[in-house]
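S.K.: run_15.cif (mmCIF, C-alpha atoms) pasted underneath:
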```cif
data_final
loop_
_atom_site.label_atom_id
_atom_site.label_comp_id
_atom_site.auth_asym_id
_atom_site.auth_seq_id
_atom_site.Cartn_x
_atom_site.Cartn_y
_atom_site.Cartn_z
CA MET A 1 -12.87 -20.84 -19.94
CA ILE A 2 -11.47 -21.36 -16.45
CA MET A 3 -8.78 -18.76 -17.16
CA ILE A 4 -11.37 -16.15 -18.21
CA LEU A 5 -13.58 -16.92 -15.21
CA THR A 6 -10.60 -16.60 -12.86
CA LEU A 7 -9.66 -13.22 -14.36
CA VAL A 8 -13.24 -11.96 -14.04
CA VAL A 9 -13.40 -13.03 -10.39
CA LEU A 10 -10.04 -11.40 -9.68
CA ALA A 11 -11.10 -8.19 -11.43
CA CYS A 12 -14.34 -7.97 -9.43
CA LEU A 13 -12.51 -8.77 -6.20
CA GLY A 14 -9.89 -6.15 -7.03
CA LEU A 15 -12.56 -3.51 -7.66
CA CYS A 16 -14.24 -4.24 -4.32
CA LEU A 17 -10.97 -4.22 -2.42
CA GLY A 18 -9.98 -1.03 -4.22
CA SER A 19 -13.09 0.55 -2.71
CA PHE A 20 -11.91 -0.78 0.65
CA VAL A 21 -8.50 0.84 0.05
CA ASN A 22 -10.19 4.21 -0.44
CA ALA A 23 -12.07 3.73 2.82
CA VAL A 24 -8.86 2.78 4.65
CA VAL A 25 -7.06 5.86 3.35
CA TRP A 26 -9.85 8.29 4.22
CA ARG A 27 -10.64 6.83 7.64
CA THR A 28 -7.00 6.56 8.64
CA ARG A 29 -6.52 10.21 7.75
CA GLN A 30 -9.63 11.27 9.65
CA GLN A 31 -8.58 9.21 12.69
CA SER A 32 -5.24 11.01 12.64
CA LEU A 33 -6.98 14.39 12.56
CA VAL A 34 -9.32 13.41 15.39
CA THR A 35 -6.40 12.19 17.50
CA SER A 36 -4.58 15.46 16.87
CA ARG A 37 -7.72 17.34 17.90
CA GLN A 38 -7.98 15.29 21.08
CA SER A 39 -4.41 16.23 22.01
CA SER A 40 -5.25 19.88 21.39
CA VAL A 41 -8.36 19.72 23.59
CA LYS A 42 -6.42 18.17 26.46
CA LYS A 43 -3.94 21.02 26.38
CA THR A 44 -6.47 23.87 26.32
CA ASN A 45 -9.42 23.54 28.69
CA SER A 46 -9.58 20.77 31.25
CA ARG A 47 -13.19 21.64 32.24
CA ARG A 48 -14.41 20.91 28.72
CA LEU A 49 -12.23 17.85 28.48
CA SER A 50 -14.75 15.12 29.29
CA THR A 51 -17.48 16.39 26.93
CA GLU A 52 -15.16 17.14 24.03
CA ASP A 53 -13.17 13.94 24.56
CA SER A 54 -16.37 11.91 24.53
CA ARG A 55 -17.52 13.52 21.27
CA LEU A 56 -14.18 12.94 19.58
CA ALA A 57 -13.92 9.37 20.87
CA THR A 58 -17.38 8.65 19.40
CA LYS A 59 -16.31 10.10 16.06
CA ASN A 60 -13.12 8.02 16.12
CA ASN A 61 -15.17 4.88 16.70
CA GLN A 62 -17.40 5.78 13.75
CA LEU A 63 -14.25 5.99 11.63
CA SER A 64 -13.23 2.43 12.47
CA ILE A 65 -11.76 0.76 9.40
CA LEU A 66 -13.67 -2.48 10.00
CA LYS A 67 -16.85 -1.22 11.70
CA GLY A 68 -17.36 2.27 10.31
CA ARG A 69 -19.97 3.02 7.63
CA SER A 70 -19.05 4.64 4.33
CA VAL A 71 -19.94 8.33 4.09
CA CYS A 72 -19.52 11.15 1.61
CA PRO A 73 -16.17 12.85 2.38
CA ASN A 74 -17.85 16.26 1.86
CA CYS A 75 -21.25 16.17 3.59
CA LEU A 76 -20.61 13.01 5.66
CA HIS A 77 -23.99 11.57 4.61
CA GLU A 78 -24.05 7.80 5.07
CA LEU A 79 -23.92 6.13 1.67
CA ALA A 80 -26.47 3.59 0.48
CA PRO A 81 -25.43 0.30 -1.16
CA ARG A 82 -26.25 1.74 -4.61
CA ASP A 83 -23.65 4.45 -3.96
CA LEU A 84 -20.90 1.93 -3.26
CA ILE A 85 -20.65 -0.03 -6.51
CA PRO A 86 -16.97 0.35 -7.49
CA VAL A 87 -16.37 2.65 -10.48
CA PHE A 88 -19.94 2.39 -11.77
CA SER A 89 -21.50 4.45 -8.97
CA TRP A 90 -18.95 7.21 -9.56
CA LEU A 91 -19.60 7.15 -13.30
CA PHE A 92 -23.39 7.02 -12.92
CA LEU A 93 -23.34 10.00 -10.54
CA ARG A 94 -20.85 11.78 -12.81
CA GLY A 95 -18.32 12.12 -10.03
CA ARG A 96 -20.65 13.92 -7.63
CA CYS A 97 -22.27 13.03 -4.33
CA ARG A 98 -25.92 11.97 -4.65
CA TYR A 99 -26.82 14.02 -1.56
CA CYS A 100 -24.74 17.23 -1.54
CA HIS A 101 -23.85 17.20 -5.26
CA LYS A 102 -20.27 18.20 -4.54
CA PRO A 103 -17.48 16.64 -6.65
CA ILE A 104 -16.01 13.34 -5.50
CA SER A 105 -12.30 12.93 -6.22
CA LYS A 106 -11.20 10.92 -9.24
CA GLN A 107 -8.96 9.09 -6.77
CA TYR A 108 -11.83 6.73 -5.98
CA PRO A 109 -12.33 5.08 -9.41
CA ILE A 110 -8.60 5.29 -10.18
CA VAL A 111 -7.69 3.35 -7.03
CA GLU A 112 -10.44 0.79 -7.66
CA LEU A 113 -9.27 0.21 -11.23
CA THR A 114 -5.64 0.05 -10.10
CA MET A 115 -6.41 -2.63 -7.53
CA ALA A 116 -8.28 -4.66 -10.15
CA ALA A 117 -5.36 -4.27 -12.56
CA VAL A 118 -2.91 -5.45 -9.88
CA PHE A 119 -4.98 -8.56 -9.18
CA VAL A 120 -5.44 -9.49 -12.84
CA SER A 121 -1.88 -8.73 -13.97
CA SER A 122 -0.42 -10.56 -10.97
CA TYR A 123 -2.24 -13.73 -12.00
CA ILE A 124 -1.25 -13.40 -15.65
CA LEU A 125 2.39 -12.51 -14.95
CA TRP A 126 3.04 -14.67 -11.87
CA PRO A 127 6.58 -15.99 -12.45
CA GLN A 128 5.89 -19.53 -11.22
CA ASP A 129 3.26 -22.04 -12.24
CA PHE A 130 0.37 -22.81 -9.92
CA SER A 131 0.89 -26.55 -9.86
CA GLY A 132 1.59 -26.62 -6.12
CA ALA A 133 -0.20 -25.31 -3.06
CA GLY A 134 2.92 -23.34 -2.08
CA GLN A 135 2.61 -20.99 -5.07
CA TRP A 136 -1.08 -20.48 -4.44
CA LEU A 137 -0.20 -19.52 -0.87
CA LEU A 138 2.42 -17.00 -2.00
CA PHE A 139 0.07 -15.62 -4.65
CA SER A 140 -2.79 -15.22 -2.17
CA THR A 141 -0.43 -13.61 0.33
CA TRP A 142 0.71 -11.13 -2.30
CA LEU A 143 -2.85 -10.19 -3.24
CA ALA A 144 -3.77 -9.62 0.41
CA THR A 145 -0.59 -7.64 1.02
CA SER A 146 -1.06 -5.56 -2.13
CA VAL A 147 -4.27 -4.13 -0.65
CA GLY A 148 -2.33 -2.63 2.24
CA LEU A 149 0.50 -1.55 -0.05
CA LEU A 150 -1.86 0.35 -2.34
CA ALA A 151 -3.42 2.09 0.67
CA LEU A 152 0.08 3.09 1.80
CA ALA A 153 1.01 4.32 -1.68
CA VAL A 154 -2.08 6.54 -1.89
CA TYR A 155 -1.65 7.86 1.64
CA ASP A 156 2.03 8.66 1.15
CA TRP A 157 1.34 10.28 -2.22
CA ARG A 158 -1.21 12.63 -0.67
CA TRP A 159 0.27 13.36 2.75
CA LEU A 160 3.94 12.26 2.64
CA LEU A 161 3.39 9.76 5.42
CA LEU A 162 3.30 5.99 5.81
CA PRO A 163 1.04 5.38 8.83
CA ASN A 164 1.99 2.49 11.09
CA LYS A 165 -1.73 1.72 11.49
CA VAL A 166 -1.58 0.38 7.93
CA VAL A 167 2.07 -0.71 7.71
CA TYR A 168 2.05 -3.14 10.64
CA PRO A 169 -1.14 -5.09 9.73
CA THR A 170 0.16 -5.34 6.16
CA PHE A 171 3.47 -6.69 7.44
CA LEU A 172 1.70 -9.25 9.64
CA VAL A 173 -0.22 -10.56 6.62
CA ALA A 174 2.95 -10.80 4.52
CA ALA A 175 4.96 -12.37 7.37
CA ALA A 176 2.26 -14.94 8.15
CA GLY A 177 2.14 -16.07 4.53
CA ARG A 178 5.93 -16.19 4.24
CA ALA A 179 6.31 -18.13 7.50
CA ILE A 180 3.67 -20.70 6.51
CA TYR A 181 5.34 -21.13 3.13
CA ILE A 182 8.78 -21.68 4.67
CA VAL A 183 7.50 -24.18 7.24
CA GLY A 184 5.23 -26.12 4.92
CA TYR A 185 6.57 -25.80 1.37
CA ALA A 186 10.12 -24.41 1.11
CA PRO A 187 12.54 -27.13 -0.06
CA ASP A 188 15.41 -25.61 1.95
CA LYS A 189 13.87 -24.03 5.03
CA LEU A 190 17.08 -22.62 6.50
CA SER A 191 18.10 -21.01 3.23
CA ALA A 192 14.62 -19.53 2.77
CA LEU A 193 14.68 -18.11 6.29
CA LEU A 194 18.14 -16.59 5.83
CA ASN A 195 17.11 -15.08 2.49
CA TRP A 196 14.05 -13.54 4.11
CA ALA A 197 16.18 -12.04 6.88
CA GLY A 198 18.71 -10.80 4.31
CA ALA A 199 15.99 -9.13 2.24
CA ILE A 200 14.67 -7.26 5.28
CA ALA A 201 18.23 -6.26 6.20
CA VAL A 202 18.50 -4.63 2.78
CA THR A 203 15.07 -3.02 2.50
CA SER A 204 14.65 -1.94 6.12
CA GLY A 205 18.21 -1.92 7.46
CA LEU A 206 19.59 0.19 4.64
CA PHE A 207 16.92 2.85 5.13
CA TYR A 208 17.51 2.75 8.87
CA LEU A 209 21.15 3.65 8.29
CA ILE A 210 20.27 6.40 5.82
CA TYR A 211 17.65 7.80 8.19
CA ASN A 212 20.07 8.01 11.11
CA LEU A 213 23.19 9.09 9.23
CA SER A 214 21.79 11.63 6.77
CA ASP A 215 19.87 14.14 8.88
CA LYS A 216 16.52 12.48 8.14
CA TYR A 217 17.01 12.51 4.35
CA ILE A 218 14.24 9.91 4.13
CA GLY A 219 11.17 9.39 6.29
CA GLY A 220 10.95 6.84 9.07
CA GLY A 221 8.02 5.20 7.29
CA ASP A 222 10.37 3.90 4.60
CA ILE A 223 12.08 1.83 7.30
CA THR A 224 8.90 0.09 8.42
CA LEU A 225 7.71 -0.27 4.82
CA GLY A 226 10.93 -2.22 4.23
CA LEU A 227 9.60 -4.93 6.55
CA VAL A 228 6.75 -5.51 4.10
CA THR A 229 8.67 -5.22 0.83
CA GLY A 230 11.54 -7.36 2.16
CA THR A 231 9.09 -10.06 3.24
CA ILE A 232 7.36 -10.08 -0.15
CA LEU A 233 10.59 -10.26 -2.17
CA ALA A 234 12.34 -12.60 0.30
CA THR A 235 15.84 -12.52 -1.25
CA PRO A 236 18.61 -9.92 -0.85
CA PHE A 237 19.16 -9.72 -4.63
CA LYS A 238 15.53 -8.88 -5.33
CA ALA A 239 15.61 -6.37 -2.47
CA VAL A 240 18.59 -4.57 -4.02
CA LEU A 241 16.90 -4.71 -7.42
CA MET A 242 13.76 -3.18 -5.94
CA ILE A 243 15.67 -0.24 -4.45
CA PHE A 244 17.43 0.26 -7.80
CA PHE A 245 14.13 0.44 -9.69
CA ALA A 246 12.55 2.64 -7.02
CA SER A 247 15.44 5.08 -7.37
CA ILE A 248 14.96 5.20 -11.13
CA LEU A 249 11.21 5.80 -10.77
CA GLY A 250 11.77 8.48 -8.14
CA THR A 251 14.36 10.22 -10.32
CA LEU A 252 12.07 10.17 -13.35
CA PHE A 253 9.31 11.70 -11.23
CA ALA A 254 11.52 14.46 -9.78
CA LEU A 255 13.51 15.26 -12.93
CA PRO A 256 10.93 17.43 -14.75
CA GLY A 257 10.51 19.61 -11.66
CA LEU A 258 14.26 19.97 -11.24
CA ILE A 259 14.70 20.92 -14.90
CA SER A 260 11.91 23.50 -14.75
CA LYS A 261 13.17 24.65 -11.32
CA SER A 262 9.68 24.25 -9.87
CA ARG A 263 11.16 21.69 -7.47
CA GLY A 264 14.45 21.96 -5.61
CA PHE A 265 16.87 19.25 -4.51
CA GLN A 266 15.61 19.68 -0.93
CA SER A 267 11.95 19.25 -1.94
CA LYS A 268 10.21 16.29 -0.35
CA ILE A 269 8.76 13.62 -2.58
CA PRO A 270 6.68 10.59 -1.60
CA TYR A 271 9.20 7.75 -1.93
CA GLY A 272 6.85 5.05 -0.66
CA PRO A 273 4.83 4.75 -3.90
CA PHE A 274 8.02 4.19 -5.89
CA LEU A 275 9.22 1.50 -3.48
CA ILE A 276 5.84 -0.20 -3.74
CA ALA A 277 5.73 0.06 -7.55
CA ALA A 278 9.27 -1.32 -7.74
CA THR A 279 8.28 -4.22 -5.48
CA PHE A 280 5.48 -5.07 -7.90
CA ILE A 281 7.90 -4.95 -10.84
CA VAL A 282 10.58 -7.08 -9.21
CA LEU A 283 8.11 -9.62 -7.81
CA LEU A 284 6.60 -10.32 -11.22
CA PHE A 285 9.61 -9.74 -13.47
CA GLY A 286 12.49 -10.53 -11.09
CA PRO A 287 13.23 -14.03 -12.43
CA ALA A 288 13.28 -12.75 -16.04
CA ILE A 289 15.55 -9.87 -15.05
CA THR A 290 17.83 -12.26 -13.17
CA ASP A 291 18.06 -14.64 -16.15
CA TRP A 292 18.87 -11.72 -18.46
CA TYR A 293 21.58 -10.48 -16.10
CA GLU A 294 23.15 -13.94 -15.82
CA GLN A 295 23.23 -14.24 -19.61
CA LEU A 296 25.17 -10.98 -19.80
CA LEU A 297 27.80 -12.43 -17.46
CA THR A 298 28.26 -15.63 -19.44
#
```
How does the structure come out when it is put into structure tokens?

M.R.:
Amino acid sequence: MIMILTLVVLACLGLCLGSFVNAVVWRTRQQSLVTSRQSSVKKTNSRRLSTEDSRLATKNNQLSILKGRSVCPNCLHELAPRDLIPVFSWLFLRGRCRYCHKPISKQYPIVELTMAAVFVSSYILWPQDFSGAGQWLLFSTWLATSVGLLALAVYDWRWLLLPNKVVYPTFLVAAAGRAIYIVGYAPDKLSALLNWAGAIAVTSGLFYLIYNLSDKYIGGGDITLGLVTGTILATPFKAVLMIFFASILGTLFALPGLISKSRGFQSKIPYGPFLIAATFIVLLFGPAITDWYEQLLT
């Protein structure tokens, strides 16, 4: 009974935070567009600067991730509470805005359901038991971090960019949880700290080298994303395993386009979602994969 209740709570929490992810993605994108517009205004007409700057600054404040109100992405009408019930509002309105009747992207229910699935599956598949407070801390840290990671995955998928406005807060959440775990619960604190540093050296340092030595073959966002994924995985082996799986996922995604010649070898693909998906896989299945690999060697 407790298990079922826990899963229901996690599913509901995941749905609500999935709605928050959609808001983060949309508002971050709009803030970026407003900032770009502000730069354009400053370069064109200095006499209109104060009025236009004031208008844009007000709009940017309305798009605040924490303070802004949810609006329809088409008509910008402020949404009522009945419009904000995850998944169900979208289904009830048949995927259209209540006010302007224009279609609302399927991204919204898909992201909400994905976040709920991440929360529920993470609890079911968590590789360690929850007998100690340390595992609950790591589990809670992962759930909080996964919210930012999903926002980054969606943003990168749509616009081929990993915004630092989302990356850095997500890293701070992951780092805070990891640091508290090492100080309060890790049996070998020095080893845990060195493993954490080694994981970041792999996930972030490797991409830094590729970025600087390969004529920008990858985006700079993959470097900062490595701070988050390295902190979550916390061992160099898992970090290497994550990059291996991400490469496989990226290849499987690009292969059909290469075969049909609709995509060339120089075509850009969003690598962030594959790194994030691979982090999820390695975090939950890493110990089983490691045990299987060690059995092959014996």

S.K.: Between A:Thr114, A:Tyr185, A:Arg158, A:Ala153, which is the closest to Gln135 in chain A once you count only C-alpha atoms?

M.R.: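 Ranking A:Thr114, A:Tyr185, A:Arg158, A:Ala153 by distance to Gln135 in chain A, first place goes to A:Tyr185.
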
S.K.: Might you pull out every residue within 7 Å of range 191-202 of chain A, with only C-alpha atoms counted and same-chain residues fewer than 4 positions away left off, and present them as a list of chain:residue names?

M.R.: A:Ile182, A:Ala186, A:Leu206, A:Gly226, A:Leu227, A:Gly230, A:Thr231, A:Ala234, A:Thr235, A:Pro236, A:Ala239, A:Val240

S.K.: Would you output that residue set with C-alpha atoms, as a PDB file, in the coordinates of the input?

M.R.:
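Wrote again_11.pdb, looks like this:
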```
ATOM      1  CA  ILE A 182       8.780 -21.680   4.670  1.00  0.00           C
ATOM      2  CA  ALA A 186      10.120 -24.410   1.110  1.00  0.00           C
ATOM      3  CA  LEU A 206      19.590   0.190   4.640  1.00  0.00           C
ATOM      4  CA  GLY A 226      10.930  -2.220   4.230  1.00  0.00           C
ATOM      5  CA  LEU A 227       9.600  -4.930   6.550  1.00  0.00           C
ATOM      6  CA  GLY A 230      11.540  -7.360   2.160  1.00  0.00           C
ATOM      7  CA  THR A 231       9.090 -10.060   3.240  1.00  0.00           C
ATOM      8  CA  ALA A 234      12.340 -12.600   0.300  1.00  0.00           C
ATOM      9  CA  THR A 235      15.840 -12.520  -1.250  1.00  0.00           C
ATOM     10  CA  PRO A 236      18.610  -9.920  -0.850  1.00  0.00           C
ATOM     11  CA  ALA A 239      15.610  -6.370  -2.470  1.00  0.00           C
ATOM     12  CA  VAL A 240      18.590  -4.570  -4.020  1.00  0.00           C
TER      13      VAL A 240
END
```

S.K.: For Phe274 in chain A, which of A:Gly250, A:Pro86, A:Gly220, A:Pro81 is the closest residue, counting only C-alpha atoms?

M.R.: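 Result for the nearest residue to Phe274 in chain A: A:Gly250.
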
S.K.: Please report the interatomic distance between CA of Trp126 in chain A and CA of Pro287 in chain A in Å with one decimal.

M.R.: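 Interatomic distance, CA of Trp126 in chain A to CA of Pro287 in chain A: 10.2 Å.
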
S.K.: Determine the residue set returned by the PyMOL selection byres ((chain A and resi 78) around 12) for the present structure, and present it as a list in words.

M.R.: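 That expression, the PyMOL selection byres ((chain A and resi 78) around 12), corresponds here to Gln62, Leu63, Gly68, Arg69, Ser70, Val71, Cys72, Pro73, Asn74, Cys75, Leu76, His77, Leu79, Ala80, Pro81, Arg82, Asp83, Leu84, Cys97, Arg98, Tyr99 and Cys100 of chain A.
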